$ cat work31.txt   # compact mmCIF, C-alpha atoms
# COMPACT_ATOMS: atom_id res chain seq x y z
CA MET A 1 5.28 -49.32 -12.61
CA ILE A 2 2.23 -51.54 -13.17
CA SER A 3 0.30 -49.11 -11.01
CA ILE A 4 1.20 -46.12 -13.22
CA ILE A 5 0.04 -48.03 -16.32
CA HIS A 6 -3.18 -48.90 -14.46
CA ALA A 7 -3.98 -45.30 -13.73
CA TYR A 8 -3.09 -44.37 -17.28
CA LEU A 9 -5.26 -47.00 -19.00
CA THR A 10 -8.18 -46.65 -16.59
CA ASN A 11 -8.32 -42.92 -17.17
CA ASN A 12 -8.57 -43.56 -20.88
CA THR A 13 -11.80 -45.52 -20.60
CA ALA A 14 -13.00 -42.71 -18.34
CA LYS A 15 -12.64 -40.40 -21.36
CA ILE A 16 -15.23 -42.46 -23.21
CA ARG A 17 -17.57 -41.86 -20.24
CA ARG A 18 -17.20 -45.33 -18.69
CA PHE A 19 -17.60 -44.08 -15.13
CA THR A 20 -20.70 -42.03 -15.80
CA ALA A 21 -22.54 -45.40 -16.01
CA PRO A 22 -24.12 -46.41 -12.68
CA ASP A 23 -22.64 -49.94 -12.92
CA GLU A 24 -19.02 -48.84 -13.44
CA VAL A 25 -16.89 -47.78 -10.47
CA PRO A 26 -13.48 -46.09 -10.91
CA PHE A 27 -10.27 -47.16 -9.13
CA PHE A 28 -8.97 -43.59 -9.33
CA PRO A 29 -12.05 -41.45 -8.64
CA GLN A 30 -9.93 -38.50 -7.51
CA ASN A 31 -8.52 -37.68 -10.95
CA LEU A 32 -10.98 -38.72 -13.64
CA PRO A 33 -10.62 -36.86 -16.92
CA GLU A 34 -13.64 -35.27 -18.60
CA PRO A 35 -15.38 -37.58 -21.12
CA ILE A 36 -14.91 -36.72 -24.81
CA LEU A 37 -18.44 -38.05 -25.51
CA PRO A 38 -21.68 -36.21 -24.64
CA PRO A 39 -23.28 -37.25 -21.31
CA ILE A 40 -26.03 -39.91 -21.11
CA LYS A 41 -29.12 -39.40 -18.98
CA TYR A 42 -29.48 -42.63 -16.99
CA ALA A 43 -32.75 -43.55 -15.30
CA LYS A 44 -32.55 -43.05 -11.52
CA VAL A 45 -32.45 -46.52 -9.96
CA LEU A 46 -29.96 -46.09 -7.13
CA ALA A 47 -29.94 -43.64 -4.24
CA LYS A 48 -28.21 -40.33 -4.97
CA TYR A 49 -25.04 -41.13 -2.97
CA HIS A 50 -24.34 -44.37 -4.88
CA LYS A 51 -21.07 -43.15 -6.44
CA GLU A 52 -19.66 -42.81 -2.90
CA ILE A 53 -20.09 -46.52 -2.23
CA ASN A 54 -16.74 -47.71 -3.59
CA VAL A 55 -14.80 -50.73 -2.25
CA ASN A 56 -12.24 -50.71 -5.08
CA ASP A 57 -9.32 -50.11 -2.67
CA LYS A 58 -10.27 -53.32 -0.90
CA ILE A 59 -10.72 -55.16 -4.24
CA LYS A 60 -7.29 -54.03 -5.40
CA GLU A 61 -5.70 -55.09 -2.12
CA LEU A 62 -7.26 -58.59 -2.23
CA TYR A 63 -6.46 -58.88 -5.95
CA ILE A 64 -2.77 -58.25 -5.30
CA LYS A 65 -2.53 -60.29 -2.09
CA LYS A 66 -4.79 -63.26 -2.92
CA VAL A 67 -5.78 -63.47 -6.59
CA VAL A 68 -2.46 -62.75 -8.30
CA PRO A 69 -0.53 -65.41 -6.28
CA MET A 70 -3.26 -67.94 -7.27
CA VAL A 71 -2.96 -67.28 -10.99
CA ALA A 72 0.56 -65.95 -11.57
CA ALA A 73 3.04 -68.41 -13.07
CA ALA A 74 5.90 -67.32 -10.81
CA PRO A 75 6.61 -64.56 -8.30
CA GLY A 76 8.38 -61.42 -9.45
CA GLU A 77 7.86 -58.97 -12.29
CA GLN A 78 8.70 -59.83 -15.88
CA GLU A 79 9.55 -56.50 -17.42
CA GLU A 80 8.65 -57.49 -20.98
CA ASN A 81 5.09 -58.33 -19.88
CA TRP A 82 4.34 -55.04 -18.12
CA GLY A 83 2.13 -53.74 -20.91
CA SER A 84 0.00 -56.83 -21.57
CA CYS A 85 -0.04 -57.76 -17.88
CA ALA A 86 -1.40 -54.34 -16.85
CA THR A 87 -4.04 -54.59 -19.58
CA CYS A 88 -5.22 -57.97 -18.22
CA ASP A 89 -5.10 -56.67 -14.64
CA ILE A 90 -7.35 -53.74 -15.53
CA ASP A 91 -9.86 -55.90 -17.38
CA THR A 92 -9.98 -58.29 -14.41
CA LEU A 93 -10.12 -55.60 -11.74
CA GLN A 94 -12.88 -53.67 -13.51
CA ALA A 95 -14.85 -56.90 -14.09
CA LEU A 96 -14.53 -57.85 -10.40
CA SER A 97 -15.45 -54.30 -9.41
CA ARG A 98 -18.51 -54.21 -11.64
CA ARG A 99 -19.71 -57.58 -10.33
CA ILE A 100 -19.11 -56.66 -6.68
CA HIS A 101 -20.77 -53.24 -6.98
CA PHE A 102 -23.85 -54.86 -8.51
CA GLY A 103 -24.50 -55.26 -4.78
CA LYS A 104 -25.92 -51.72 -4.91
CA PHE A 105 -28.67 -52.82 -7.30
CA VAL A 106 -29.31 -55.99 -5.30
CA ALA A 107 -29.52 -53.96 -2.08
CA GLU A 108 -31.87 -51.41 -3.66
CA SER A 109 -34.15 -54.19 -4.86
CA LYS A 110 -34.17 -55.86 -1.43
CA PHE A 111 -34.88 -52.51 0.22
CA GLN A 112 -37.79 -51.78 -2.14
CA SER A 113 -39.31 -55.19 -1.53
CA ASP A 114 -39.45 -54.69 2.26
CA PRO A 115 -38.72 -51.08 3.26
CA GLU A 116 -40.27 -51.48 6.72
CA THR A 117 -37.79 -54.15 7.89
CA PHE A 118 -34.79 -52.33 6.48
CA ILE A 119 -35.78 -48.89 7.81
CA LYS A 120 -35.93 -50.39 11.29
CA LEU A 121 -32.47 -51.97 10.93
CA ILE A 122 -30.99 -48.80 9.39
CA LYS A 123 -32.36 -46.57 12.17
CA ALA A 124 -30.84 -48.97 14.73
CA ARG A 125 -27.48 -48.83 12.78
CA ASP A 126 -27.69 -52.64 12.93
CA ALA A 127 -25.12 -53.61 10.28
CA GLN A 128 -25.13 -57.22 11.43
CA GLY A 129 -28.92 -57.38 11.20
CA ILE A 130 -28.79 -55.94 7.67
CA ASP A 131 -26.13 -58.48 6.72
CA LYS A 132 -28.35 -61.26 7.99
CA ALA A 133 -31.43 -59.89 6.19
CA ILE A 134 -29.62 -59.82 2.83
CA THR A 135 -27.97 -63.24 3.14
CA ASN A 136 -29.48 -66.25 1.41
CA GLU A 137 -27.16 -69.23 1.85
CA ALA A 138 -29.12 -71.48 -0.53
CA VAL A 139 -28.72 -68.92 -3.33
CA GLU A 140 -24.98 -68.55 -2.57
CA LYS A 141 -24.52 -72.31 -2.80
CA THR A 142 -26.32 -72.43 -6.17
CA VAL A 143 -24.22 -69.53 -7.49
CA LEU A 144 -21.03 -71.39 -6.58
CA GLU A 145 -22.25 -74.60 -8.23
CA ARG A 146 -23.12 -72.77 -11.45
CA LEU A 147 -19.77 -70.99 -11.32
CA ARG A 148 -17.89 -74.30 -10.99
CA LEU A 149 -19.68 -75.75 -14.03
CA LYS A 150 -18.95 -72.61 -16.06
CA ALA A 151 -15.27 -72.60 -15.05
CA GLU A 152 -15.00 -76.30 -15.95
CA THR A 153 -16.68 -75.71 -19.33
CA TYR A 154 -15.06 -72.47 -20.43
CA GLY A 155 -11.68 -73.27 -18.88
CA LYS A 156 -10.77 -76.09 -21.20
CA ASP A 157 -10.35 -76.69 -24.90
CA PRO A 158 -13.27 -78.95 -25.95
CA THR A 159 -11.31 -80.22 -28.96
CA LEU A 160 -8.72 -81.84 -26.67
CA LYS A 161 -11.36 -83.99 -24.98
CA TRP A 162 -9.62 -87.31 -25.67
CA SER A 163 -6.05 -86.12 -25.59
CA GLN A 164 -3.36 -86.90 -23.05
CA ARG A 165 -2.64 -83.21 -22.46
CA ALA A 166 -3.76 -81.40 -19.35
CA GLN A 167 -7.29 -80.35 -20.22
CA SER A 168 -8.03 -77.45 -17.97
CA THR A 169 -6.17 -74.20 -18.47
CA ILE A 170 -7.39 -72.84 -15.15
CA ASP A 171 -7.68 -74.16 -11.59
CA VAL A 172 -11.43 -74.47 -11.06
CA ASP A 173 -11.07 -74.59 -7.24
CA ASN A 174 -9.26 -71.25 -7.35
CA VAL A 175 -12.06 -69.69 -9.40
CA VAL A 176 -14.66 -70.93 -6.92
CA SER A 177 -12.55 -69.72 -4.01
CA ILE A 178 -12.17 -66.23 -5.54
CA TYR A 179 -15.95 -66.03 -5.69
CA LYS A 180 -16.58 -67.59 -2.30
CA ASP A 181 -13.91 -65.72 -0.32
CA ILE A 182 -13.71 -62.39 -2.17
CA VAL A 183 -16.62 -61.65 -4.53
CA ILE A 184 -19.53 -62.75 -2.33
CA PRO A 185 -18.24 -61.23 0.95
CA LEU A 186 -17.33 -57.90 -0.74
CA THR A 187 -20.70 -57.79 -2.51
CA LYS A 188 -22.29 -58.02 0.93
CA VAL A 189 -20.06 -55.22 2.24
CA VAL A 190 -21.33 -53.07 -0.67
CA GLU A 191 -24.94 -54.01 0.11
CA VAL A 192 -24.60 -53.18 3.81
CA ASP A 193 -22.70 -49.91 3.14
CA TYR A 194 -25.35 -48.90 0.62
CA LEU A 195 -28.28 -49.78 2.88
CA LEU A 196 -26.85 -48.09 6.00
CA ARG A 197 -27.10 -44.77 4.13
CA ARG A 198 -30.40 -45.48 2.40
CA LEU A 199 -32.45 -43.01 4.48
CA GLU A 200 -30.37 -40.13 3.10
CA ASP A 201 -32.47 -40.44 -0.06
CA TRP A 202 -35.85 -41.55 1.29
CA GLN A 203 -39.14 -39.81 2.06
CA GLU A 204 -41.44 -41.59 4.45
CA MET B 205 -17.56 -40.95 -34.34
CA ILE B 206 -16.82 -44.61 -33.66
CA SER B 207 -13.79 -44.22 -35.88
CA ILE B 208 -12.40 -41.33 -33.82
CA ILE B 209 -12.79 -43.37 -30.63
CA HIS B 210 -11.03 -46.27 -32.38
CA ALA B 211 -8.02 -44.21 -33.25
CA TYR B 212 -7.99 -42.76 -29.77
CA LEU B 213 -8.14 -46.09 -27.90
CA THR B 214 -5.81 -47.92 -30.26
CA ASN B 215 -3.16 -45.25 -29.85
CA ASN B 216 -3.36 -45.74 -26.12
CA THR B 217 -2.30 -49.38 -26.25
CA ALA B 218 0.46 -48.21 -28.60
CA LYS B 219 1.80 -46.15 -25.69
CA ILE B 220 2.34 -49.34 -23.70
CA ARG B 221 4.43 -50.59 -26.65
CA ARG B 222 1.80 -52.96 -28.07
CA PHE B 223 2.88 -52.48 -31.68
CA THR B 224 6.56 -53.02 -31.03
CA ALA B 225 5.65 -56.74 -30.64
CA PRO B 226 6.08 -58.69 -33.91
CA ASP B 227 2.62 -60.26 -33.57
CA GLU B 228 0.69 -57.00 -33.15
CA VAL B 229 -0.21 -54.89 -36.19
CA PRO B 230 -1.58 -51.33 -35.88
CA PHE B 231 -4.68 -50.02 -37.67
CA PHE B 232 -3.23 -46.50 -37.65
CA PRO B 233 0.48 -47.05 -38.36
CA GLN B 234 0.91 -43.49 -39.65
CA ASN B 235 0.46 -41.80 -36.27
CA LEU B 236 1.62 -44.10 -33.50
CA PRO B 237 2.64 -42.34 -30.29
CA GLU B 238 5.96 -43.16 -28.62
CA PRO B 239 5.71 -45.93 -25.98
CA ILE B 240 6.01 -44.82 -22.36
CA LEU B 241 7.73 -48.15 -21.53
CA PRO B 242 11.34 -49.02 -22.42
CA PRO B 243 11.77 -51.02 -25.67
CA ILE B 244 12.00 -54.85 -25.70
CA LYS B 245 14.59 -56.65 -27.82
CA TYR B 246 12.64 -59.35 -29.66
CA ALA B 247 14.43 -62.31 -31.26
CA LYS B 248 14.55 -61.96 -35.07
CA VAL B 249 12.12 -64.53 -36.48
CA LEU B 250 10.51 -62.64 -39.37
CA ALA B 251 12.12 -60.93 -42.36
CA LYS B 252 13.08 -57.30 -41.79
CA TYR B 253 10.18 -55.83 -43.83
CA HIS B 254 7.51 -57.66 -41.78
CA LYS B 255 5.95 -54.48 -40.33
CA GLU B 256 5.10 -53.42 -43.90
CA ILE B 257 2.85 -56.49 -44.42
CA ASN B 258 -0.38 -55.03 -43.07
CA VAL B 259 -3.85 -55.99 -44.31
CA ASN B 260 -5.70 -54.14 -41.55
CA ASP B 261 -7.48 -51.82 -44.01
CA LYS B 262 -8.98 -54.90 -45.66
CA ILE B 263 -9.83 -56.41 -42.23
CA LYS B 264 -11.59 -53.20 -41.17
CA GLU B 265 -13.53 -53.04 -44.44
CA LEU B 266 -14.76 -56.66 -44.15
CA TYR B 267 -15.47 -56.18 -40.45
CA ILE B 268 -17.78 -53.24 -41.17
CA LYS B 269 -19.39 -54.73 -44.30
CA LYS B 270 -19.70 -58.40 -43.31
CA VAL B 271 -19.08 -59.07 -39.61
CA VAL B 272 -21.02 -56.22 -37.99
CA PRO B 273 -24.26 -56.96 -39.92
CA MET B 274 -23.93 -60.63 -38.80
CA VAL B 275 -23.66 -59.78 -35.11
CA ALA B 276 -25.37 -56.41 -34.63
CA ALA B 277 -28.82 -56.47 -33.08
CA ALA B 278 -30.24 -53.81 -35.40
CA PRO B 279 -28.93 -51.42 -38.04
CA GLY B 280 -28.11 -47.84 -37.07
CA GLU B 281 -26.03 -46.27 -34.32
CA GLN B 282 -27.14 -46.20 -30.70
CA GLU B 283 -25.51 -43.11 -29.31
CA GLU B 284 -25.44 -44.31 -25.71
CA ASN B 285 -23.42 -47.37 -26.73
CA TRP B 286 -20.65 -45.56 -28.61
CA GLY B 287 -18.12 -45.99 -25.85
CA SER B 288 -18.61 -49.66 -25.00
CA CYS B 289 -19.27 -50.53 -28.65
CA ALA B 290 -15.99 -48.98 -29.79
CA THR B 291 -14.17 -50.84 -27.01
CA CYS B 292 -15.58 -54.18 -28.22
CA ASP B 293 -14.84 -53.30 -31.86
CA ILE B 294 -11.21 -52.62 -31.04
CA ASP B 295 -10.78 -55.84 -29.07
CA THR B 296 -12.36 -57.80 -31.93
CA LEU B 297 -10.47 -56.03 -34.72
CA GLN B 298 -7.11 -56.39 -32.97
CA ALA B 299 -7.83 -60.08 -32.24
CA LEU B 300 -8.76 -60.72 -35.90
CA SER B 301 -5.71 -58.76 -37.02
CA ARG B 302 -3.36 -60.68 -34.74
CA ARG B 303 -4.76 -64.04 -35.89
CA ILE B 304 -4.63 -63.10 -39.58
CA HIS B 305 -1.10 -61.69 -39.39
CA PHE B 306 0.11 -64.90 -37.74
CA GLY B 307 0.26 -65.79 -41.45
CA LYS B 308 3.71 -64.14 -41.43
CA PHE B 309 5.01 -66.70 -38.94
CA VAL B 310 3.30 -69.56 -40.82
CA ALA B 311 4.78 -68.33 -44.10
CA GLU B 312 8.27 -67.98 -42.59
CA SER B 313 8.09 -71.52 -41.24
CA LYS B 314 6.93 -72.91 -44.60
CA PHE B 315 9.70 -70.99 -46.37
CA GLN B 316 12.37 -72.32 -43.99
CA SER B 317 11.15 -75.89 -44.44
CA ASP B 318 11.56 -75.77 -48.23
CA PRO B 319 13.44 -72.64 -49.40
CA GLU B 320 14.25 -74.14 -52.81
CA THR B 321 10.63 -74.48 -53.94
CA PHE B 322 9.65 -71.04 -52.63
CA ILE B 323 12.70 -69.25 -54.11
CA LYS B 324 11.75 -70.58 -57.52
CA LEU B 325 8.14 -69.39 -57.15
CA ILE B 326 9.21 -66.00 -55.77
CA LYS B 327 11.69 -65.40 -58.60
CA ALA B 328 8.92 -66.24 -61.08
CA ARG B 329 6.56 -63.77 -59.20
CA ASP B 330 4.14 -66.73 -59.19
CA ALA B 331 1.61 -65.61 -56.55
CA GLN B 332 -0.84 -68.32 -57.56
CA GLY B 333 1.85 -70.99 -57.26
CA ILE B 334 2.77 -69.69 -53.79
CA ASP B 335 -0.89 -69.72 -52.79
CA LYS B 336 -1.14 -73.35 -53.91
CA ALA B 337 2.07 -74.33 -52.12
CA ILE B 338 0.84 -72.91 -48.78
CA THR B 339 -2.70 -74.34 -48.98
CA ASN B 340 -3.61 -77.49 -47.12
CA GLU B 341 -7.33 -78.12 -47.47
CA ALA B 342 -7.38 -81.01 -44.98
CA VAL B 343 -5.90 -78.74 -42.29
CA GLU B 344 -8.39 -75.96 -43.12
CA LYS B 345 -11.28 -78.42 -42.76
CA THR B 346 -10.00 -79.57 -39.35
CA VAL B 347 -9.57 -75.97 -38.20
CA LEU B 348 -13.19 -75.20 -39.08
CA GLU B 349 -14.44 -78.33 -37.28
CA ARG B 350 -12.51 -77.44 -34.12
CA LEU B 351 -13.78 -73.87 -34.37
CA ARG B 352 -17.39 -75.05 -34.62
CA LEU B 353 -17.02 -77.20 -31.49
CA LYS B 354 -15.40 -74.31 -29.60
CA ALA B 355 -18.14 -71.87 -30.66
CA GLU B 356 -20.82 -74.37 -29.61
CA THR B 357 -19.14 -74.94 -26.24
CA TYR B 358 -18.11 -71.40 -25.29
CA GLY B 359 -21.18 -69.76 -26.87
CA LYS B 360 -23.72 -71.13 -24.43
CA ASP B 361 -24.37 -71.15 -20.72
CA PRO B 362 -23.71 -74.73 -19.54
CA THR B 363 -25.97 -74.22 -16.52
CA LEU B 364 -29.02 -73.78 -18.79
CA LYS B 365 -28.53 -77.22 -20.37
CA TRP B 366 -32.02 -78.50 -19.59
CA SER B 367 -33.88 -75.23 -19.77
CA GLN B 368 -36.44 -74.07 -22.31
CA ARG B 369 -34.50 -70.89 -23.04
CA ALA B 370 -32.52 -70.45 -26.21
CA GLN B 371 -29.18 -71.99 -25.32
CA SER B 372 -26.69 -70.43 -27.66
CA THR B 373 -25.88 -66.75 -27.33
CA ILE B 374 -24.11 -66.72 -30.70
CA ASP B 375 -24.84 -68.02 -34.18
CA VAL B 376 -22.29 -70.81 -34.65
CA ASP B 377 -22.68 -70.80 -38.45
CA ASN B 378 -21.75 -67.11 -38.50
CA VAL B 379 -18.62 -67.78 -36.47
CA VAL B 380 -17.58 -70.56 -38.86
CA SER B 381 -18.34 -68.35 -41.85
CA ILE B 382 -16.24 -65.47 -40.47
CA TYR B 383 -13.32 -67.88 -40.26
CA LYS B 384 -13.95 -69.59 -43.60
CA ASP B 385 -14.68 -66.48 -45.68
CA ILE B 386 -12.56 -63.82 -43.96
CA VAL B 387 -9.89 -65.16 -41.59
CA ILE B 388 -8.52 -68.03 -43.69
CA PRO B 389 -8.48 -66.16 -47.05
CA LEU B 390 -6.87 -63.04 -45.51
CA THR B 391 -4.29 -65.17 -43.69
CA LYS B 392 -3.31 -66.56 -47.08
CA VAL B 393 -3.08 -63.03 -48.53
CA VAL B 394 -0.66 -62.20 -45.69
CA GLU B 395 1.36 -65.36 -46.37
CA VAL B 396 1.62 -64.67 -50.11
CA ASP B 397 2.45 -60.96 -49.62
CA TYR B 398 5.12 -61.90 -47.09
CA LEU B 399 6.65 -64.64 -49.25
CA LEU B 400 6.70 -62.55 -52.46
CA ARG B 401 9.16 -60.19 -50.72
CA ARG B 402 11.11 -62.88 -48.90
CA LEU B 403 14.28 -62.54 -51.04
CA GLU B 404 14.71 -58.94 -49.83
CA ASP B 405 16.09 -60.45 -46.61
CA TRP B 406 17.81 -63.63 -47.84
CA GLN B 407 21.42 -64.60 -48.62
CA GLU B 408 21.88 -67.60 -50.90

$ encode --input "work31.txt" --output "structure tokens"
Amino acid sequence: MISIIHAYLTNNTAKIRRFTAPDEVPFFPQNLPEPILPPIKYAKVLAKYHKEINVNDKIKELYIKKVVPMVAAAPGEQEENWGSCATCDIDTLQALSRRIHFGKFVAESKFQSDPETFIKLIKARDAQGIDKAITNEAVEKTVLERLRLKAETYGKDPTLKWSQRAQSTIDVDNVVSIYKDIVIPLTKVVEVDYLLRRLEDWQE
Amino acid sequence: MISIIHAYLTNNTAKIRRFTAPDEVPFFPQNLPEPILPPIKYAKVLAKYHKEINVNDKIKELYIKKVVPMVAAAPGEQEENWGSCATCDIDTLQALSRRIHFGKFVAESKFQSDPETFIKLIKARDAQGIDKAITNEAVEKTVLERLRLKAETYGKDPTLKWSQRAQSTIDVDNVVSIYKDIVIPLTKVVEVDYLLRRLEDWQE
């Protein structure tokens, strides 16, 4: 049921041309309705095949298997929450998807800054080499530290600072783990997938 | 144009039975589509006419006249932002509406705690007397102080604490003023409107 509502609500933002934007990736690309708004001419930043780089199936799978059990109050469906639950799911899934597919922009920028290295790796179909070339462990560590501070800050009510009540409404370790184990690895999958095809839209 | 998108997107949440909930109030009550989900039986808390207490027209007017100029970057429409702008407008308007119409629940609770006083005021059609009976200036002051602290905390990036960059992404005074000049007064309008009709659903 939740899945039907998903498709329904996602298609509605498609009608206001959400998925014509290069930073928005649909979960149901096979049946997107026509936008009711006139098209926008976006500057060409990404390679022409960028819409085909789509790991949303994987995001949805990990969201259902890993994220929901971390944040759901109890297992099982609560029928009266179907509507609001599906609305939150969509907001979360599309936010995760947007963040993870930013990997395309990151990959493009890395490619532009050193085409020679990447062209060599791409021609050798060296996915592992590309993965290594795009990985910066120091940056990843800093991202996770900033994320923890943000989750700690935004996840509690500052007016309850001195109260006896539980202060944090979210589990900060879970937030960090979602980033560390899902967002960062999938972003790298997007980067590698994008780069492996980069010569399809490249003139030497 | 924005207005057409509003109606369109709002009606879509109606389809997942949003406005059957007693705490959700539609901006377009005259043409709500039928929900695609089965109905929920809510416990009766509010008087039977509660759906008719609806100040959304006033909320929309103040939102356009007062709130948008406070938060918009520049006057005029930016065509390419119609879609995402309308989506944010709807989220904001429905959140304001929900918060302001909580006045119904507040009013019901105040009525239940002292029916005698309120019945006298209602029979005398004494709107001003009702307004006085529901006002607690000390509480309003505390609400605004808590709001300011929340806006200060959530409105900035905690990881930029020691940086030279502007720290707050929102104008905290504007947030407080939206609450003080729009949310609190309209909540009281809802309370008074609700209480003035309270004897329509009351057996002595």

$ atom_distance --input "work31.txt" --atom1 "atom CA of A:Tyr42" --atom2 "atom CA of A:Asp23"
10.8 Å

$ interface_residues --input "work31.txt" --of "chain A" --to "chain B" --cutoff "8 Å" --atoms "only C-alpha atoms" --output "mmCIF file with C-alpha atoms, in the coordinates of the input"
data_model
loop_
_atom_site.group_PDB
_atom_site.id
_atom_site.type_symbol
_atom_site.label_atom_id
_atom_site.label_comp_id
_atom_site.auth_asym_id
_atom_site.auth_seq_id
_atom_site.Cartn_x
_atom_site.Cartn_y
_atom_site.Cartn_z
ATOM 1 C CA ILE A 5 0.040 -48.030 -16.320
ATOM 2 C CA LEU A 9 -5.260 -47.000 -19.000
ATOM 3 C CA ASN A 12 -8.570 -43.560 -20.880
ATOM 4 C CA ILE A 16 -15.230 -42.460 -23.210
ATOM 5 C CA ARG A 17 -17.570 -41.860 -20.240
ATOM 6 C CA ARG A 18 -17.200 -45.330 -18.690
ATOM 7 C CA LEU A 37 -18.440 -38.050 -25.510
ATOM 8 C CA ILE A 40 -26.030 -39.910 -21.110
ATOM 9 C CA GLU A 80 8.650 -57.490 -20.980
ATOM 10 C CA GLY A 83 2.130 -53.740 -20.910
ATOM 11 C CA SER A 84 0.000 -56.830 -21.570
ATOM 12 C CA ARG A 146 -23.120 -72.770 -11.450
ATOM 13 C CA LEU A 149 -19.680 -75.750 -14.030
ATOM 14 C CA LYS A 150 -18.950 -72.610 -16.060
ATOM 15 C CA THR A 153 -16.680 -75.710 -19.330
ATOM 16 C CA TYR A 154 -15.060 -72.470 -20.430
ATOM 17 C CA ASP A 157 -10.350 -76.690 -24.900
ATOM 18 C CA PRO A 158 -13.270 -78.950 -25.950
ATOM 19 C CA THR A 159 -11.310 -80.220 -28.960
#

$ closest_residue --input "work31.txt" --among "B:Val396, B:Glu312, B:Ala277, B:Pro230" --to "B:Lys264" --atoms "only C-alpha atoms"
B:Pro230

$ residues_around --input "work31.txt" --residues "B:Lys252" --least-positions-apart "3" --cutoff "9 Å" --atoms "all atoms listed in the file" --output "list in words"
Lys248, Lys255, Glu404 and Asp405 of chain B

$ atom_distance --input "work31.txt" --atom1 "atom CA of B:Glu256" --atom2 "atom CA of B:Asn340"
25.8 Å

$ atom_distance --input "work31.txt" --atom1 "atom CA of B:Ile338" --atom2 "atom CA of B:Val393"
10.6 Å

$ closest_residue --input "work31.txt" --among "A:Val67, A:Leu93, A:Ile122, A:Ile53" --to "A:Ser177" --atoms "only C-alpha atoms"
A:Val67

$ decode --input "work31.txt" --residues "stretch 152-156 of chain A" --atoms "all heavy atoms" --output "PDB file, in the first residue's frame"
ATOM      1  N   GLU A 152      23.370  16.456  16.696  1.00  0.00           N
ATOM      2  CA  GLU A 152      23.248  16.760  18.129  1.00  0.00           C
ATOM      3  C   GLU A 152      22.522  18.086  18.351  1.00  0.00           C
ATOM      4  O   GLU A 152      21.722  18.227  19.264  1.00  0.00           O
ATOM      5  CB  GLU A 152      24.644  16.838  18.775  1.00  0.00           C
ATOM      6  CG  GLU A 152      25.223  15.466  19.125  1.00  0.00           C
ATOM      7  CD  GLU A 152      26.723  15.524  19.448  1.00  0.00           C
ATOM      8  OE1 GLU A 152      27.327  16.618  19.383  1.00  0.00           O
ATOM      9  OE2 GLU A 152      27.283  14.458  19.748  1.00  0.00           O
ATOM     10  N   THR A 153      22.826  19.067  17.489  1.00  0.00           N
ATOM     11  CA  THR A 153      22.254  20.410  17.662  1.00  0.00           C
ATOM     12  C   THR A 153      20.794  20.460  17.234  1.00  0.00           C
ATOM     13  O   THR A 153      19.926  20.917  17.974  1.00  0.00           O
ATOM     14  CB  THR A 153      23.054  21.442  16.836  1.00  0.00           C
ATOM     15  OG1 THR A 153      24.436  21.312  17.149  1.00  0.00           O
ATOM     16  CG2 THR A 153      22.583  22.856  17.122  1.00  0.00           C
ATOM     17  N   TYR A 154      20.526  19.981  16.018  1.00  0.00           N
ATOM     18  CA  TYR A 154      19.166  20.086  15.482  1.00  0.00           C
ATOM     19  C   TYR A 154      18.232  19.034  16.070  1.00  0.00           C
ATOM     20  O   TYR A 154      17.021  19.165  16.000  1.00  0.00           O
ATOM     21  CB  TYR A 154      19.186  19.944  13.950  1.00  0.00           C
ATOM     22  CG  TYR A 154      20.006  21.003  13.237  1.00  0.00           C
ATOM     23  CD1 TYR A 154      20.749  20.681  12.100  1.00  0.00           C
ATOM     24  CD2 TYR A 154      20.031  22.321  13.681  1.00  0.00           C
ATOM     25  CE1 TYR A 154      21.502  21.650  11.439  1.00  0.00           C
ATOM     26  CE2 TYR A 154      20.788  23.284  13.023  1.00  0.00           C
ATOM     27  CZ  TYR A 154      21.519  22.943  11.902  1.00  0.00           C
ATOM     28  OH  TYR A 154      22.257  23.895  11.243  1.00  0.00           O
ATOM     29  N   GLY A 155      18.809  17.970  16.633  1.00  0.00           N
ATOM     30  CA  GLY A 155      17.979  16.855  17.109  1.00  0.00           C
ATOM     31  C   GLY A 155      17.469  17.005  18.523  1.00  0.00           C
ATOM     32  O   GLY A 155      16.902  16.076  19.062  1.00  0.00           O
ATOM     33  N   LYS A 156      17.707  18.165  19.131  1.00  0.00           N
ATOM     34  CA  LYS A 156      17.120  18.335  20.467  1.00  0.00           C
ATOM     35  C   LYS A 156      16.494  19.713  20.629  1.00  0.00           C
ATOM     36  O   LYS A 156      16.804  20.640  19.890  1.00  0.00           O
ATOM     37  CB  LYS A 156      18.160  18.063  21.548  1.00  0.00           C
ATOM     38  CG  LYS A 156      19.251  19.089  21.681  1.00  0.00           C
ATOM     39  CD  LYS A 156      20.254  18.644  22.750  1.00  0.00           C
ATOM     40  CE  LYS A 156      21.561  19.391  22.580  1.00  0.00           C
ATOM     41  NZ  LYS A 156      22.717  18.621  23.045  1.00  0.00           N
TER      42      LYS A 156
END
